[in-house]
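J.: Structure file coords13.tsv (TSV, C-alpha atoms) right here:
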chain	number	residue	atom	x	y	z
A	1	MET	CA	18.29	-2.45	-17.68
A	2	SER	CA	15.53	-1.09	-15.46
A	3	LYS	CA	12.80	-3.39	-14.16
A	4	ALA	CA	10.14	-1.15	-15.73
A	5	PHE	CA	11.77	-1.48	-19.16
A	6	TYR	CA	12.14	-5.24	-18.75
A	7	ASP	CA	8.51	-5.69	-17.73
A	8	ARG	CA	7.32	-3.62	-20.69
A	9	VAL	CA	9.41	-5.53	-23.22
A	10	SER	CA	8.60	-8.97	-21.78
A	11	SER	CA	4.86	-8.26	-21.89
A	12	THR	CA	4.79	-7.19	-25.55
A	13	ALA	CA	2.53	-9.66	-27.32
A	14	PRO	CA	4.15	-12.01	-29.86
A	15	ALA	CA	3.11	-11.36	-33.46
A	16	LEU	CA	2.44	-14.08	-36.02
A	17	LEU	CA	4.33	-13.26	-39.21
A	18	ARG	CA	3.50	-16.21	-41.44
A	19	ARG	CA	2.02	-19.70	-41.36
A	20	TRP	CA	2.48	-22.62	-43.74
A	21	GLU	CA	0.16	-25.63	-43.68
A	22	SER	CA	0.53	-29.17	-44.96
A	23	ALA	CA	-2.27	-28.52	-47.42
A	24	ALA	CA	-2.35	-27.81	-51.12
A	25	GLY	CA	-5.02	-25.21	-51.59
A	26	MET	CA	-7.55	-24.54	-48.85
A	27	GLY	CA	-7.27	-26.05	-45.39
A	28	PHE	CA	-4.90	-28.77	-44.26
A	29	ARG	CA	-3.95	-31.65	-46.45
A	30	THR	CA	-5.21	-34.71	-44.62
A	31	ASP	CA	-3.49	-38.03	-45.22
A	32	THR	CA	-4.84	-41.47	-44.41
A	33	SER	CA	-4.21	-40.98	-40.69
A	34	GLY	CA	-5.92	-37.59	-40.49
A	35	ALA	CA	-2.83	-35.82	-39.17
A	36	ARG	CA	-2.38	-32.07	-39.79
A	37	ARG	CA	0.88	-30.12	-39.74
A	38	ALA	CA	1.83	-26.45	-39.80
A	39	VAL	CA	4.91	-24.23	-39.45
A	40	GLU	CA	4.68	-20.71	-38.02
A	41	VAL	CA	7.14	-17.84	-37.60
A	42	TRP	CA	6.49	-15.42	-34.74
A	43	SER	CA	8.18	-12.24	-33.61
A	44	THR	CA	8.64	-12.25	-29.83
A	45	THR	CA	10.83	-10.46	-27.32
A	46	CYS	CA	11.75	-13.73	-25.54
A	47	ILE	CA	10.79	-17.29	-26.39
A	48	VAL	CA	11.18	-18.40	-22.75
A	49	LYS	CA	9.44	-15.57	-20.92
A	50	ASN	CA	7.09	-14.27	-23.61
A	51	PHE	CA	5.80	-17.22	-25.64
A	52	GLY	CA	3.78	-20.37	-25.16
A	53	ARG	CA	0.29	-21.09	-23.88
A	54	ASP	CA	-0.08	-18.96	-20.74
A	55	SER	CA	2.51	-16.29	-21.39
A	56	GLY	CA	0.05	-13.43	-20.99
A	57	ALA	CA	0.60	-12.54	-24.65
A	58	GLY	CA	-2.72	-12.35	-26.43
A	59	GLY	CA	-1.42	-13.64	-29.77
A	60	ALA	CA	0.25	-16.91	-28.85
A	61	SER	CA	-1.87	-17.80	-25.84
A	62	GLY	CA	-5.11	-17.20	-27.73
A	63	ARG	CA	-4.09	-19.23	-30.76
A	64	TRP	CA	-2.91	-22.23	-28.76
A	65	ALA	CA	-5.43	-22.09	-25.92
A	66	ASP	CA	-7.02	-25.41	-26.90
A	67	THR	CA	-3.79	-27.22	-27.74
A	68	ASP	CA	-3.21	-30.32	-25.61
A	69	ARG	CA	0.54	-29.84	-25.28
A	70	VAL	CA	2.92	-26.91	-25.81
A	71	CYS	CA	6.62	-27.69	-25.46
A	72	LEU	CA	9.76	-25.58	-25.75
A	73	VAL	CA	12.72	-26.84	-27.78
A	74	CYS	CA	15.83	-25.75	-25.88
A	75	PRO	CA	19.28	-25.83	-27.55
A	76	SER	CA	21.53	-27.30	-24.88
A	77	ASN	CA	24.89	-28.97	-24.28
A	78	PRO	CA	25.61	-32.71	-24.06
A	79	GLN	CA	25.70	-32.72	-20.24
A	80	LEU	CA	22.43	-30.73	-19.94
A	81	ARG	CA	23.95	-28.58	-17.22
A	82	GLY	CA	23.19	-25.23	-18.82
A	83	PRO	CA	25.80	-22.50	-19.24
A	84	SER	CA	26.76	-22.83	-15.57
A	85	LYS	CA	30.52	-23.38	-15.65
A	86	PHE	CA	31.49	-19.80	-16.59
A	87	PRO	CA	30.08	-16.29	-16.06
A	88	TYR	CA	30.26	-15.85	-19.84
A	89	PHE	CA	31.41	-17.97	-22.74
A	90	PRO	CA	32.55	-17.58	-26.37
A	91	ARG	CA	29.96	-17.52	-29.14
A	92	GLY	CA	30.71	-20.44	-31.42
A	93	GLY	CA	32.94	-22.21	-28.88
A	94	PRO	CA	34.89	-24.05	-27.95
A	95	VAL	CA	34.07	-23.97	-24.27
A	96	PRO	CA	37.19	-24.59	-22.13
A	97	PRO	CA	37.13	-27.99	-20.37
A	98	SER	CA	37.25	-26.52	-16.86
A	99	PRO	CA	36.76	-23.21	-15.05
A	100	PRO	CA	39.76	-20.93	-14.52
A	101	ALA	CA	42.07	-21.87	-11.65
A	102	GLY	CA	43.93	-19.51	-9.37
A	103	SER	CA	43.98	-15.82	-10.12
A	104	GLN	CA	41.24	-14.30	-12.25
A	105	ALA	CA	43.90	-13.30	-14.75
A	106	ASP	CA	44.91	-16.94	-15.32
A	107	TRP	CA	42.25	-17.49	-17.97
A	108	GLN	CA	41.25	-15.07	-20.70
A	109	PRO	CA	38.64	-16.69	-22.96
A	110	LEU	CA	39.96	-16.69	-26.52
A	111	GLY	CA	41.25	-13.16	-26.25
A	112	TYR	CA	37.78	-11.62	-26.08
A	113	VAL	CA	38.37	-9.93	-22.72
A	114	ASN	CA	41.17	-7.92	-21.19
A	115	SER	CA	40.93	-9.81	-17.91
A	116	TRP	CA	38.74	-12.56	-16.51
A	117	GLY	CA	35.57	-11.07	-15.09
A	118	GLY	CA	36.33	-7.66	-16.60
A	119	MET	CA	33.83	-5.31	-18.15
A	120	ASP	CA	35.33	-5.41	-21.65
A	121	VAL	CA	33.58	-8.58	-22.74
A	122	GLY	CA	32.85	-7.59	-26.32
A	123	SER	CA	30.45	-8.97	-28.89
A	124	GLY	CA	32.14	-12.37	-29.08
A	125	MET	CA	30.94	-13.46	-25.65
A	126	LEU	CA	27.52	-14.45	-24.29
A	127	TYR	CA	26.06	-14.42	-20.78
A	128	ALA	CA	23.80	-17.19	-19.52
A	129	THR	CA	20.80	-14.85	-19.69
A	130	SER	CA	21.59	-14.17	-23.37
A	131	VAL	CA	20.72	-17.70	-24.47
A	132	VAL	CA	17.62	-19.90	-24.27
A	133	ASP	CA	19.38	-22.64	-22.32
A	134	GLY	CA	20.53	-20.20	-19.66
A	135	LEU	CA	17.04	-18.79	-19.16
A	136	VAL	CA	15.47	-22.26	-19.05
A	137	HIS	CA	17.85	-23.37	-16.30
A	138	LEU	CA	17.44	-20.10	-14.43
A	139	HIS	CA	13.66	-20.25	-14.38
A	140	GLY	CA	13.38	-24.04	-14.23
A	141	GLY	CA	15.11	-23.99	-10.85
A	142	TRP	CA	15.82	-27.07	-8.78
A	143	ARG	CA	12.85	-28.96	-10.21
A	144	LEU	CA	14.36	-28.93	-13.68
A	145	ALA	CA	17.77	-29.83	-12.25
A	146	ALA	CA	16.23	-32.83	-10.46
A	147	GLU	CA	14.58	-34.09	-13.66
A	148	ILE	CA	17.81	-33.76	-15.60
A	149	ALA	CA	19.72	-35.59	-12.85
A	150	ALA	CA	17.34	-38.53	-13.22
A	151	LEU	CA	18.00	-38.92	-16.96
A	152	ASP	CA	20.22	-41.77	-18.11
A	153	LEU	CA	23.65	-41.20	-19.60
A	154	VAL	CA	23.81	-41.94	-23.32
A	155	ARG	CA	27.57	-41.80	-23.84
A	156	ASP	CA	30.35	-41.10	-21.34
A	157	ASP	CA	29.11	-38.09	-19.31
A	158	GLU	CA	26.60	-37.03	-21.99
A	159	LYS	CA	22.87	-37.22	-21.42
A	160	CYS	CA	22.09	-35.55	-24.75
A	161	PRO	CA	24.94	-35.97	-27.28
A	162	VAL	CA	25.14	-33.75	-30.36
A	163	GLY	CA	22.20	-34.50	-32.65
A	164	HIS	CA	20.10	-36.06	-29.88
A	165	ALA	CA	17.00	-34.79	-28.09
A	166	VAL	CA	15.50	-35.66	-24.69
A	167	GLU	CA	12.48	-34.37	-22.80
A	168	THR	CA	11.86	-33.12	-19.30
A	169	VAL	CA	8.28	-32.49	-18.21
A	170	ASP	CA	7.61	-29.13	-16.62
A	171	MET	CA	5.76	-29.50	-13.33
A	172	PRO	CA	5.23	-25.90	-12.21
A	173	PRO	CA	4.95	-25.39	-8.46
A	174	PRO	CA	2.23	-23.36	-6.74
A	175	GLU	CA	2.61	-19.59	-6.99
A	176	SER	CA	3.65	-19.49	-3.34
A	177	ASP	CA	6.46	-22.01	-3.81
A	178	GLY	CA	9.03	-19.34	-4.69
A	179	SER	CA	11.32	-21.75	-6.56
A	180	GLY	CA	11.21	-19.74	-9.79
A	181	ALA	CA	10.02	-22.67	-11.89
A	182	VAL	CA	6.63	-20.99	-12.21
A	183	TRP	CA	8.20	-18.95	-15.03
A	184	LEU	CA	8.12	-22.02	-17.25
A	185	LYS	CA	4.34	-22.42	-16.92
A	186	PRO	CA	3.69	-21.51	-20.59
A	187	PHE	CA	5.21	-24.89	-21.52
A	188	ASP	CA	4.16	-28.41	-20.62
A	189	ALA	CA	7.57	-29.87	-21.43
A	190	ILE	CA	11.11	-28.91	-22.40
A	191	VAL	CA	12.73	-30.76	-25.31
A	192	HIS	CA	16.50	-30.42	-24.92
A	193	VAL	CA	18.54	-30.77	-28.12
A	194	THR	CA	22.31	-30.39	-28.57
A	195	PRO	CA	23.47	-28.63	-31.76
A	196	PRO	CA	27.06	-28.87	-33.00
A	197	PHE	CA	29.54	-26.00	-32.83
A	198	TYR	CA	29.71	-24.62	-36.36
A	199	GLU	CA	33.50	-24.28	-36.47
A	200	HIS	CA	34.45	-27.12	-34.12
A	201	HIS	CA	32.42	-30.12	-35.25
A	202	PRO	CA	32.70	-32.31	-38.37
A	203	SER	CA	29.83	-31.84	-40.85
A	204	PRO	CA	28.00	-29.27	-38.70
A	205	GLU	CA	25.20	-28.70	-41.23
A	206	ARG	CA	24.36	-32.40	-41.33
A	207	TRP	CA	24.33	-32.64	-37.55
A	208	LEU	CA	22.13	-29.56	-37.24
A	209	ARG	CA	19.60	-31.19	-39.55
A	210	ARG	CA	19.71	-34.22	-37.25
A	211	CYS	CA	18.90	-31.91	-34.35
A	212	TYR	CA	15.70	-30.74	-35.98
A	213	ALA	CA	14.68	-34.32	-36.82
A	214	ALA	CA	15.39	-35.45	-33.25
A	215	ALA	CA	13.56	-32.48	-31.71
A	216	PHE	CA	10.47	-33.06	-33.86
A	217	ARG	CA	10.51	-36.79	-33.10
A	218	VAL	CA	10.53	-36.18	-29.33
A	219	ALA	CA	8.17	-33.20	-29.33
A	220	PHE	CA	5.55	-34.98	-31.43
A	221	SER	CA	5.94	-38.45	-29.93
A	222	GLY	CA	2.33	-38.64	-28.72
A	223	ASP	CA	-1.02	-38.47	-30.47
A	224	SER	CA	-2.25	-35.25	-28.86
A	225	SER	CA	-2.38	-31.86	-30.55
A	226	THR	CA	1.04	-30.31	-29.97
A	227	VAL	CA	2.91	-27.06	-30.51
A	228	ALA	CA	6.72	-27.18	-30.52
A	229	ALA	CA	8.05	-23.68	-29.87
A	230	LEU	CA	11.68	-23.21	-30.83
A	231	PRO	CA	14.35	-20.62	-31.54
A	232	LEU	CA	16.54	-20.64	-34.63
A	233	ILE	CA	18.70	-23.55	-33.48
A	234	GLY	CA	22.45	-23.11	-33.76
A	235	ASN	CA	22.35	-19.37	-34.40
A	236	GLY	CA	23.30	-18.42	-30.83
A	237	GLY	CA	26.06	-19.91	-28.76
A	238	ARG	CA	26.88	-22.60	-31.33
A	239	GLY	CA	27.97	-20.00	-33.85
A	240	PHE	CA	26.09	-20.89	-37.04
A	241	PRO	CA	25.93	-17.93	-39.44
A	242	THR	CA	22.37	-16.68	-39.75
A	243	ASP	CA	22.04	-17.58	-43.43
A	244	LYS	CA	23.09	-21.19	-42.85
A	245	ALA	CA	20.93	-21.56	-39.74
A	246	VAL	CA	17.93	-20.19	-41.67
A	247	GLU	CA	18.49	-22.47	-44.68
A	248	ILE	CA	18.77	-25.58	-42.52
A	249	ALA	CA	15.72	-24.68	-40.41
A	250	ALA	CA	13.59	-24.00	-43.48
A	251	SER	CA	14.71	-27.18	-45.24
A	252	ALA	CA	14.03	-29.29	-42.14
A	253	CYS	CA	10.56	-27.80	-41.71
A	254	ALA	CA	9.61	-28.14	-45.36
A	255	GLY	CA	10.62	-31.80	-45.27
A	256	TRP	CA	8.65	-32.32	-42.06
A	257	LEU	CA	5.54	-30.78	-43.65
A	258	ASP	CA	5.80	-33.15	-46.59
A	259	GLU	CA	6.28	-36.35	-44.61
A	260	GLU	CA	3.65	-38.95	-45.43
A	261	ALA	CA	4.77	-42.18	-43.80
A	262	GLY	CA	4.94	-43.30	-40.22
A	263	ARG	CA	2.03	-41.37	-38.75
A	264	ALA	CA	-0.22	-43.07	-36.27
A	265	GLU	CA	-3.97	-42.98	-36.68
A	266	GLY	CA	-5.63	-40.32	-34.57
A	267	GLU	CA	-2.74	-37.86	-34.34
A	268	GLY	CA	-3.74	-34.34	-33.40
A	269	GLU	CA	-2.72	-31.13	-35.11
A	270	ARG	CA	1.03	-30.50	-34.92
A	271	THR	CA	2.63	-27.07	-35.19
A	272	VAL	CA	6.26	-25.98	-35.31
A	273	ALA	CA	6.41	-22.38	-34.07
A	274	PHE	CA	9.60	-20.34	-34.33
A	275	GLY	CA	9.88	-17.48	-31.83
A	276	VAL	CA	12.43	-14.98	-33.18
A	277	PRO	CA	13.36	-11.71	-31.42
A	278	ASP	CA	15.39	-10.22	-34.29
A	279	THR	CA	13.11	-8.79	-36.99
A	280	LYS	CA	15.62	-9.17	-39.83
A	281	VAL	CA	16.30	-12.80	-38.91
A	282	ALA	CA	12.56	-13.49	-38.74
A	283	GLU	CA	12.05	-11.94	-42.18
A	284	ALA	CA	14.89	-14.00	-43.63
A	285	LEU	CA	13.36	-17.18	-42.21
A	286	VAL	CA	9.97	-16.30	-43.72
A	287	ARG	CA	11.49	-15.71	-47.15
A	288	VAL	CA	13.39	-19.00	-47.20
A	289	LEU	CA	10.41	-20.96	-45.85
A	290	ASP	CA	8.28	-19.46	-48.64
A	291	ARG	CA	10.79	-20.78	-51.14
A	292	GLU	CA	11.28	-24.19	-49.52
A	293	CYS	CA	7.62	-24.89	-48.94
A	294	ASN	CA	6.93	-23.95	-52.57
A	295	THR	CA	3.31	-23.13	-51.87
A	296	GLY	CA	1.11	-20.13	-51.40
A	297	ALA	CA	1.60	-19.40	-47.73
A	298	ASP	CA	-1.42	-18.92	-45.54
A	299	SER	CA	-0.28	-15.51	-44.36
A	300	ASN	CA	-1.95	-14.39	-41.14
A	301	ALA	CA	0.15	-11.25	-40.83
A	302	ASP	CA	2.11	-8.80	-42.97
A	303	LEU	CA	5.84	-8.43	-42.60
A	304	ASP	CA	5.49	-4.67	-43.04
A	305	GLY	CA	3.82	-4.61	-39.66
A	306	VAL	CA	6.97	-5.72	-37.85
A	307	ARG	CA	9.69	-3.92	-39.77
A	308	SER	CA	11.55	-1.37	-37.69
Could you show the structure in this file as structure tokens?
T.:
Amino acid sequence: MSKAFYDRVSSTAPALLRRWESAAGMGFRTDTSGARRAVEVWSTTCIVKNFGRDSGAGGASGRWADTDRVCLVCPSNPQLRGPSKFPYFPRGGPVPPSPPAGSQADWQPLGYVNSWGGMDVGSGMLYATSVVDGLVHLHGGWRLAAEIAALDLVRDDEKCPVGHAVETVDMPPPESDGSGAVWLKPFDAIVHVTPPFYEHHPSPERWLRRCYAAAFRVAFSGDSSTVAALPLIGNGGRGFPTDKAVEIAASACAGWLDEEAGRAEGEGERTVAFGVPDTKVAEALVRVLDRECNTGADSNADLDGVRS
């Protein structure tokens, strides 16, 4: 891919497809604590590089300019080490316990390639730059690695077991630093969450729902106005079929919109914002959210405007 093409694609402004609010009728529904909630679906070329507060994209940055906190929900692995052990890895897992030893031909991942490191990778494999976690670690640099190293272990060697979520705070360096972490400037924090492998974990749907609950709990732990930007969790490297990933995401968000109890007085506006690069997946998510929310959506954009 040429640099000119990459720059053009990464600078394409995100487009808001649909928004649902925690209100019946006009405006937000306000409970006794005054909290307000919303769910949005956006079309974007990249949720890491082309989303968030200061991404240079007029849509997202303008809408969230006055938000106190914008965080990125990053699907991860239990060790929070990113996809660093292998040049590429199988979609849906399982990931081998250790890198290949000896000759490059000693390990051929699940039959997807003709030889280790060969060009015939096929559609069953993913590169680190193909997934959110890989891009976050790439652009987070040593600063992100240092924050992760300081986190406590929860179980065995796992800092974020399946169904858990933890936060690292993005502290972008000066432009002249050169560490690469400046690319995460659109986000004030990264919420790492570990989804289950769809075909290699007991009750994967239940554990994926736990991931959404844990991510929302960590992302919205304070009282400030907050946007939690997230991909369709589980639909990438963890191998969830799109229809199941969409159903679980929509159900989790509809339940979150309807929550009444446990809110602290003085909470700011809270928004869950999906950034989806695939138009068909984004449309499917909008349709199921319309059904799950069971309300007249406050539509700020028309799906016909993003259909290819």
J.: May I ask which of the residues A:Leu126, A:Cys160, A:Cys253, A:Ile47 is the closest one to Leu80 in chain A, counting all atoms listed in the file?
T.: A:Cys160
J.: Which residue is closest to Ser224 in chain A? Choose from A:Met125, A:Val70, A:Val48, A:Val281 and count all atoms listed in the file.
T.: A:Val70
J.: Under the rule that only C-alpha atoms are counted, which of A:Val73, A:Ala146, A:Cys293, A:Val136 is the nearest residue to Asp258 in chain A?
T.: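 Nearest candidate to Asp258 in chain A out of A:Val73, A:Ala146, A:Cys293, A:Val136: A:Cys293.
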J.: When you count only C-alpha atoms, which of these residues is closest to Asp66 in chain A: A:Thr226, A:Asn235, A:Ser251, A:Thr45?
T.: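 Among the listed residues, the smallest separation from Asp66 in chain A belongs to A:Thr226.
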J.: For the atom pair CA of Val131 in chain A and CA of Thr67 in chain A, what is the interatomic distance in Å to one decimal place?
T.: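 It comes out at 26.5 Å.
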J.: Given the choices A:Asn50, A:Thr271, A:Ser130, A:Thr279, which gets closest to Ser22 in chain A if the distance is worked out from only C-alpha atoms?
T.: A:Thr271
J.: Take the point (18.7, -25.3, -33.5) in the file's coordinates, draw a sphere of radius 7 Å around it, and report as a PyMOL selection string every protein, DNA or RNA residue with an atom inside or on it, counting all atoms listed in the file.
T.: chain A and resi 75+195+208+211-212+231-234
J.: Rounded to one decimal, what separation in Å do you get between CA of Pro83 in chain A and CA of Arg155 in chain A?
T.: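 CA of Arg155 in chain A lies 19.9 Å from CA of Pro83 in chain A.
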J.: Grab the CA of Ala128 in chain A to CA of Lys49 in chain A distance for me, in Å with one decimal place.
T.: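 We find that CA of Ala128 in chain A and CA of Lys49 in chain A lie 14.5 Å from each other.
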J.: Please output range 145-166 of chain A, rebuilt to include N, CA, C and O atoms, as a PDB file, in the frame of the given file.
T.:
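Resulting contents of rebuild.pdb:
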ATOM      1  N   ALA A 145      16.489 -29.169 -12.546  1.00  0.00           N
ATOM      2  CA  ALA A 145      17.770 -29.830 -12.250  1.00  0.00           C
ATOM      3  C   ALA A 145      17.543 -31.258 -11.765  1.00  0.00           C
ATOM      4  O   ALA A 145      18.304 -32.176 -12.127  1.00  0.00           O
ATOM      5  N   ALA A 146      16.509 -31.491 -10.966  1.00  0.00           N
ATOM      6  CA  ALA A 146      16.230 -32.830 -10.460  1.00  0.00           C
ATOM      7  C   ALA A 146      15.796 -33.765 -11.593  1.00  0.00           C
ATOM      8  O   ALA A 146      16.190 -34.941 -11.633  1.00  0.00           O
ATOM      9  N   GLU A 147      14.989 -33.257 -12.526  1.00  0.00           N
ATOM     10  CA  GLU A 147      14.580 -34.090 -13.660  1.00  0.00           C
ATOM     11  C   GLU A 147      15.760 -34.461 -14.535  1.00  0.00           C
ATOM     12  O   GLU A 147      15.882 -35.597 -14.997  1.00  0.00           O
ATOM     13  N   ILE A 148      16.640 -33.491 -14.777  1.00  0.00           N
ATOM     14  CA  ILE A 148      17.810 -33.760 -15.600  1.00  0.00           C
ATOM     15  C   ILE A 148      18.721 -34.771 -14.911  1.00  0.00           C
ATOM     16  O   ILE A 148      19.274 -35.677 -15.542  1.00  0.00           O
ATOM     17  N   ALA A 149      18.872 -34.657 -13.595  1.00  0.00           N
ATOM     18  CA  ALA A 149      19.720 -35.590 -12.850  1.00  0.00           C
ATOM     19  C   ALA A 149      19.223 -37.025 -12.961  1.00  0.00           C
ATOM     20  O   ALA A 149      20.017 -37.974 -12.897  1.00  0.00           O
ATOM     21  N   ALA A 150      17.926 -37.187 -13.142  1.00  0.00           N
ATOM     22  CA  ALA A 150      17.340 -38.530 -13.220  1.00  0.00           C
ATOM     23  C   ALA A 150      17.466 -39.156 -14.608  1.00  0.00           C
ATOM     24  O   ALA A 150      17.188 -40.352 -14.759  1.00  0.00           O
ATOM     25  N   LEU A 151      17.869 -38.371 -15.607  1.00  0.00           N
ATOM     26  CA  LEU A 151      18.000 -38.920 -16.960  1.00  0.00           C
ATOM     27  C   LEU A 151      19.220 -39.832 -17.059  1.00  0.00           C
ATOM     28  O   LEU A 151      20.232 -39.617 -16.399  1.00  0.00           O
ATOM     29  N   ASP A 152      19.118 -40.832 -17.905  1.00  0.00           N
ATOM     30  CA  ASP A 152      20.220 -41.770 -18.110  1.00  0.00           C
ATOM     31  C   ASP A 152      21.315 -41.146 -18.963  1.00  0.00           C
ATOM     32  O   ASP A 152      21.056 -40.298 -19.828  1.00  0.00           O
ATOM     33  N   LEU A 153      22.542 -41.596 -18.740  1.00  0.00           N
ATOM     34  CA  LEU A 153      23.650 -41.200 -19.600  1.00  0.00           C
ATOM     35  C   LEU A 153      23.552 -41.984 -20.915  1.00  0.00           C
ATOM     36  O   LEU A 153      23.230 -43.172 -20.926  1.00  0.00           O
ATOM     37  N   VAL A 154      23.827 -41.300 -22.010  1.00  0.00           N
ATOM     38  CA  VAL A 154      23.810 -41.940 -23.320  1.00  0.00           C
ATOM     39  C   VAL A 154      25.206 -42.384 -23.730  1.00  0.00           C
ATOM     40  O   VAL A 154      25.406 -43.483 -24.235  1.00  0.00           O
ATOM     41  N   ARG A 155      26.181 -41.495 -23.484  1.00  0.00           N
ATOM     42  CA  ARG A 155      27.570 -41.800 -23.840  1.00  0.00           C
ATOM     43  C   ARG A 155      28.501 -41.027 -22.920  1.00  0.00           C
ATOM     44  O   ARG A 155      28.360 -39.806 -22.794  1.00  0.00           O
ATOM     45  N   ASP A 156      29.416 -41.724 -22.270  1.00  0.00           N
ATOM     46  CA  ASP A 156      30.350 -41.100 -21.340  1.00  0.00           C
ATOM     47  C   ASP A 156      29.568 -40.272 -20.321  1.00  0.00           C
ATOM     48  O   ASP A 156      28.721 -40.811 -19.625  1.00  0.00           O
ATOM     49  N   ASP A 157      29.842 -38.937 -20.247  1.00  0.00           N
ATOM     50  CA  ASP A 157      29.110 -38.090 -19.310  1.00  0.00           C
ATOM     51  C   ASP A 157      27.976 -37.333 -19.987  1.00  0.00           C
ATOM     52  O   ASP A 157      27.448 -36.363 -19.439  1.00  0.00           O
ATOM     53  N   GLU A 158      27.577 -37.773 -21.183  1.00  0.00           N
ATOM     54  CA  GLU A 158      26.600 -37.030 -21.990  1.00  0.00           C
ATOM     55  C   GLU A 158      25.199 -37.632 -21.876  1.00  0.00           C
ATOM     56  O   GLU A 158      24.982 -38.810 -22.172  1.00  0.00           O
ATOM     57  N   LYS A 159      24.265 -36.812 -21.475  1.00  0.00           N
ATOM     58  CA  LYS A 159      22.870 -37.220 -21.420  1.00  0.00           C
ATOM     59  C   LYS A 159      22.123 -36.873 -22.712  1.00  0.00           C
ATOM     60  O   LYS A 159      21.048 -37.411 -22.982  1.00  0.00           O
ATOM     61  N   CYS A 160      22.699 -35.963 -23.479  1.00  0.00           N
ATOM     62  CA  CYS A 160      22.090 -35.550 -24.750  1.00  0.00           C
ATOM     63  C   CYS A 160      23.221 -35.220 -25.728  1.00  0.00           C
ATOM     64  O   CYS A 160      23.548 -34.042 -25.941  1.00  0.00           O
ATOM     65  N   PRO A 161      23.837 -36.228 -26.341  1.00  0.00           N
ATOM     66  CA  PRO A 161      24.940 -35.970 -27.280  1.00  0.00           C
ATOM     67  C   PRO A 161      24.484 -35.098 -28.460  1.00  0.00           C
ATOM     68  O   PRO A 161      23.284 -34.916 -28.691  1.00  0.00           O
ATOM     69  N   VAL A 162      25.441 -34.573 -29.184  1.00  0.00           N
ATOM     70  CA  VAL A 162      25.140 -33.750 -30.360  1.00  0.00           C
ATOM     71  C   VAL A 162      24.225 -34.527 -31.305  1.00  0.00           C
ATOM     72  O   VAL A 162      24.465 -35.704 -31.607  1.00  0.00           O
ATOM     73  N   GLY A 163      23.148 -33.872 -31.747  1.00  0.00           N
ATOM     74  CA  GLY A 163      22.200 -34.500 -32.650  1.00  0.00           C
ATOM     75  C   GLY A 163      21.088 -35.273 -31.970  1.00  0.00           C
ATOM     76  O   GLY A 163      20.185 -35.775 -32.634  1.00  0.00           O
ATOM     77  N   HIS A 164      21.128 -35.363 -30.639  1.00  0.00           N
ATOM     78  CA  HIS A 164      20.100 -36.060 -29.880  1.00  0.00           C
ATOM     79  C   HIS A 164      19.108 -35.068 -29.270  1.00  0.00           C
ATOM     80  O   HIS A 164      19.375 -33.871 -29.194  1.00  0.00           O
ATOM     81  N   ALA A 165      17.983 -35.597 -28.806  1.00  0.00           N
ATOM     82  CA  ALA A 165      17.000 -34.790 -28.090  1.00  0.00           C
ATOM     83  C   ALA A 165      16.392 -35.628 -26.970  1.00  0.00           C
ATOM     84  O   ALA A 165      16.157 -36.830 -27.146  1.00  0.00           O
ATOM     85  N   VAL A 166      16.159 -35.011 -25.821  1.00  0.00           N
ATOM     86  CA  VAL A 166      15.500 -35.660 -24.690  1.00  0.00           C
ATOM     87  C   VAL A 166      14.489 -34.679 -24.104  1.00  0.00           C
ATOM     88  O   VAL A 166      14.574 -33.468 -24.323  1.00  0.00           O
TER      89      VAL A 166
END
